[in-house]
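A.B. asks: Next up is a structure, given as structure tokens.
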2 protein chains.
Amino acid sequence: MSPKDLTIPTGADGEGSVQVHLDEADKITGAKVFAVYGKGGIGKSTTSSNLSAAFSILGKRVLQIGCDPKHDSTFTLTGSLVPTVIDVLKDVDFHPEELRPEDFVFEGFNGVMCVEAGGPPAGTGCGGYVVGQTVKLLKQHHLLDDTDVVIFDVLGDVVCGGFAAPLQHADQAVVVTANDFDSIYAMNRIIAAVQAKSKNYKVRLAGCVANRSRATDEVDRFCKETNFRRLAHMPDLDAIRRSRLKKKTLFEMDEDQDVLAARAEYIRLAESLWRGLDPIDPHSLPDRDIFELLGFD
Amino acid sequence: MSPKDLTIPTGADGEGSVQVHLDEADKITGAKVFAVYGKGGIGKSTTSSNLSAAFSILGKRVLQIGCDPKHDSTFTLTGSLVPTVIDVLKDVDFHPEELRPEDFVFEGFNGVMCVEAGGPPAGTGCGGYVVGQTVKLLKQHHLLDDTDVVIFDVLGDVVCGGFAAPLQHADQAVVVTANDFDSIYAMNRIIAAVQAKSKNYKVRLAGCVANRSRATDEVDRFCKETNFRRLAHMPDLDAIRRSRLKKKTLFEMDEDQDVLAARAEYIRLAESLWRGLDPIDPHSLPDRDIFELLGFD
């Protein structure tokens, strides 16, 4: 799809939106699709990778797609920085038919298949274009056919029309947050983005994961105010920091009490997401109310 | 400008880019224009607001434009969350001719004029559209005519085609970073974005501000490796945190040693930017090299 195929309706999802409309042929069928969003640096990739590992341990065939310019989403699954779809498309001058699956899909821990979409070219591109090209490529090579779970790991600082593209494919959205103002502010916007998308697509909100936080009081206060739901709590464990330095998931780290507890929490999260959760209908807060609800630090 | 006016060239700034091309009539003339970029949460707004305050103390007429969904860029200048351009445009159903300057421009500390562009509607919009509408509105009301300094405060996590829009107006780009991996990674992408833009526009890189960091060794190592320049260093001062809680710039805080030192650093930064700096030509690093240069902690 070249940018010229972008249809630019107005009004559908909001005035002034550059919409990367979903081509019916690009719909992902058969797999359960989750989109994991969160503020940059909040632990989205750590959560996505350990969640993918947990699903694989439950016997599911998993494909994780990183959608972040930093393209280190699958780093602990593969143990390395794999090339991005945009990198390899550039190498073949944007002729996808010249690519083989092994150019852009890499096997990670316990058979989890790993793809890094990468970010738009700095200063000139659009996140939606990158996600669209990646899904199209996976479909063309039938790499989504024999997959049980697809996880999109998506930068959630802005959630403009482009970075909302994974929400067009997802069944459920999971938000990763810490117990602080900035990440809860980003969560509020992500909820608004999913609610906007849910008017035209099947995606619904599953809930949030309170990550790298000792306490969860601010997250819980926000959830109460907005009818949102906290699915899991991952304390600020040094084991998780060490696992990233060792380029491994938690499921490959030496077993100590912390590691076992965190593994159990990821397995419990995967089970509940696979089983399916009671639907919820949260509402985002006007910005002013967030500043009042959470004060400033 | 409605999205239909978006011309979608390919190749100009990079394949697959949704370019919000600059309408000649929208060029900002007469003022020195600075674009301040940085990873979300790194202190861009604190740096921009205190820099605006410093320019005003040097006798310059200053206009600060926040370009971040969180729209708290000018919070310490005005002491409140002012309505965004997108908010007020929505109120008049996107008929800009019905707006008066006082609807979207607010006077802050020492006469600094403050505007919040706001972010794209969650999940559906484009940052470039929001910036374009804001500049067009300011031009229509001749609010850029009698201005010496314009400062864009811009979210730098992605710097896609949309969030690069302020670079079409800027003379100089300043990057705010801390002494950590994630914000230096974002800085590297911002440098790549500015260099891409500088092929078609006048914008050049001025340098970076090491913010809320005791040490600057990682920043300095990166600058050495990329021919970049550190312009200033703002240590992690409690006075700055307290000033945000009091919704004030540093220039209105009780004078203690820290406050006086930080004020002097902002004044020095403003003087050097106004005077103009020797041109530099930094290059961004391939991602792999950044992971190696800075490791992962």
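Just so we're on the same page: first chain in the structure tokens is A, next is B, and so on; residues restart at 1 for each chain, and ligands are numbered from 1 in the order they show up.
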Can you tell me, as an mmCIF file with all heavy atoms, in the first residue's frame, what residues are no more than 7 Å from Ala117 in chain B when counting only C-alpha atoms, ignoring any on the same chain fewer than 2 positions away?

C.D. replies:
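Dumped everything to out21.cif:
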data_model
loop_
_atom_site.group_PDB
_atom_site.id
_atom_site.type_symbol
_atom_site.label_atom_id
_atom_site.label_comp_id
_atom_site.auth_asym_id
_atom_site.auth_seq_id
_atom_site.Cartn_x
_atom_site.Cartn_y
_atom_site.Cartn_z
ATOM 1 N N ILE B 65 4.459 27.904 22.063
ATOM 2 C CA ILE B 65 3.379 27.052 21.532
ATOM 3 C C ILE B 65 3.616 25.612 22.000
ATOM 4 O O ILE B 65 4.590 24.961 21.599
ATOM 5 C CB ILE B 65 3.361 27.096 19.986
ATOM 6 C CG1 ILE B 65 3.273 28.540 19.479
ATOM 7 C CG2 ILE B 65 2.223 26.242 19.429
ATOM 8 C CD1 ILE B 65 3.466 28.681 17.971
ATOM 9 N N GLY B 66 2.746 25.099 22.857
ATOM 10 C CA GLY B 66 2.848 23.709 23.312
ATOM 11 C C GLY B 66 2.266 22.779 22.267
ATOM 12 O O GLY B 66 1.161 23.023 21.776
ATOM 13 N N CYS B 67 3.002 21.719 21.914
ATOM 14 C CA CYS B 67 2.530 20.737 20.909
ATOM 15 C C CYS B 67 2.613 19.350 21.529
ATOM 16 O O CYS B 67 3.475 18.537 21.183
ATOM 17 C CB CYS B 67 3.402 20.786 19.656
ATOM 18 S SG CYS B 67 3.530 22.411 18.921
ATOM 19 N N THR B 84 -6.963 24.360 24.678
ATOM 20 C CA THR B 84 -6.109 24.154 23.505
ATOM 21 C C THR B 84 -6.779 24.716 22.250
ATOM 22 O O THR B 84 -8.005 24.907 22.216
ATOM 23 C CB THR B 84 -5.862 22.637 23.280
ATOM 24 O OG1 THR B 84 -7.103 22.032 22.853
ATOM 25 C CG2 THR B 84 -5.360 21.969 24.543
ATOM 26 N N VAL B 85 -5.966 24.907 21.202
ATOM 27 C CA VAL B 85 -6.487 25.390 19.912
ATOM 28 C C VAL B 85 -7.528 24.402 19.385
ATOM 29 O O VAL B 85 -8.593 24.788 18.902
ATOM 30 C CB VAL B 85 -5.325 25.564 18.910
ATOM 31 C CG1 VAL B 85 -5.844 25.703 17.471
ATOM 32 C CG2 VAL B 85 -4.484 26.776 19.299
ATOM 33 N N ILE B 86 -7.229 23.080 19.547
ATOM 34 C CA ILE B 86 -8.174 22.082 19.039
ATOM 35 C C ILE B 86 -9.495 22.149 19.829
ATOM 36 O O ILE B 86 -10.578 22.063 19.253
ATOM 37 C CB ILE B 86 -7.556 20.664 19.105
ATOM 38 C CG1 ILE B 86 -6.465 20.526 18.025
ATOM 39 C CG2 ILE B 86 -8.593 19.566 18.911
ATOM 40 C CD1 ILE B 86 -6.984 20.585 16.591
ATOM 41 N N VAL B 115 0.295 29.658 23.990
ATOM 42 C CA VAL B 115 -0.706 28.940 23.183
ATOM 43 C C VAL B 115 -0.487 27.438 23.376
ATOM 44 O O VAL B 115 0.661 26.982 23.419
ATOM 45 C CB VAL B 115 -0.525 29.273 21.668
ATOM 46 C CG1 VAL B 115 -1.513 28.478 20.812
ATOM 47 C CG2 VAL B 115 -0.679 30.764 21.419
ATOM 48 N N GLY B 119 -3.113 17.981 21.423
ATOM 49 C CA GLY B 119 -2.730 16.824 20.620
ATOM 50 C C GLY B 119 -3.841 16.491 19.648
ATOM 51 O O GLY B 119 -4.942 17.062 19.733
ATOM 52 N N VAL B 130 -2.697 19.356 13.697
ATOM 53 C CA VAL B 130 -2.910 20.245 14.860
ATOM 54 C C VAL B 130 -1.930 21.428 14.807
ATOM 55 O O VAL B 130 -2.321 22.579 14.977
ATOM 56 C CB VAL B 130 -2.711 19.434 16.162
ATOM 57 C CG1 VAL B 130 -2.738 20.339 17.367
ATOM 58 C CG2 VAL B 130 -3.758 18.334 16.275
ATOM 59 N N VAL B 131 -0.660 21.135 14.511
ATOM 60 C CA VAL B 131 0.348 22.212 14.445
ATOM 61 C C VAL B 131 0.011 23.159 13.291
ATOM 62 O O VAL B 131 0.031 24.384 13.445
ATOM 63 C CB VAL B 131 1.760 21.611 14.251
ATOM 64 C CG1 VAL B 131 2.791 22.707 13.975
ATOM 65 C CG2 VAL B 131 2.171 20.814 15.487
ATOM 66 N N THR B 134 -2.785 25.508 14.137
ATOM 67 C CA THR B 134 -2.392 26.499 15.148
ATOM 68 C C THR B 134 -1.600 27.635 14.499
ATOM 69 O O THR B 134 -1.896 28.823 14.729
ATOM 70 C CB THR B 134 -1.554 25.809 16.249
ATOM 71 O OG1 THR B 134 -2.349 24.771 16.853
ATOM 72 C CG2 THR B 134 -1.122 26.809 17.311
#

A.B. asks: Identify, with DSSP run on backbone atoms, the residues in range 113-197 of chain A assigned to alpha helix (DSSP H), and express the list as a VMD selection string.

C.D. replies: chain A and resid 127 to 140 181 to 197

A.B. asks: Calculated over only C-alpha atoms, which of the candidates B:Thr76, B:Thr124, B:Asn188, B:Gln64 has the smallest distance to Arg241 in chain B?

C.D. replies: B:Thr76

A.B. asks: Name the residues in contact with Gln195 in chain A at a cut-off of 9 Å, using only C-alpha atoms, excluding same-chain residues fewer than 5 positions from it; report them as a ChimeraX atom specification.

C.D. replies: /A:190,203-205,281-284 /B:123

A.B. asks: Neighbouring residues of Asp220 in chain B were defined as those with any atom within 9 Å, considering only C-alpha atoms; residues of the same chain fewer than 6 positions away were excluded. Please report them as a list in words.

C.D. replies: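 With the cut-off at 9 Å, the set is Asn179, Phe228, Arg229 and Arg230 of chain B.
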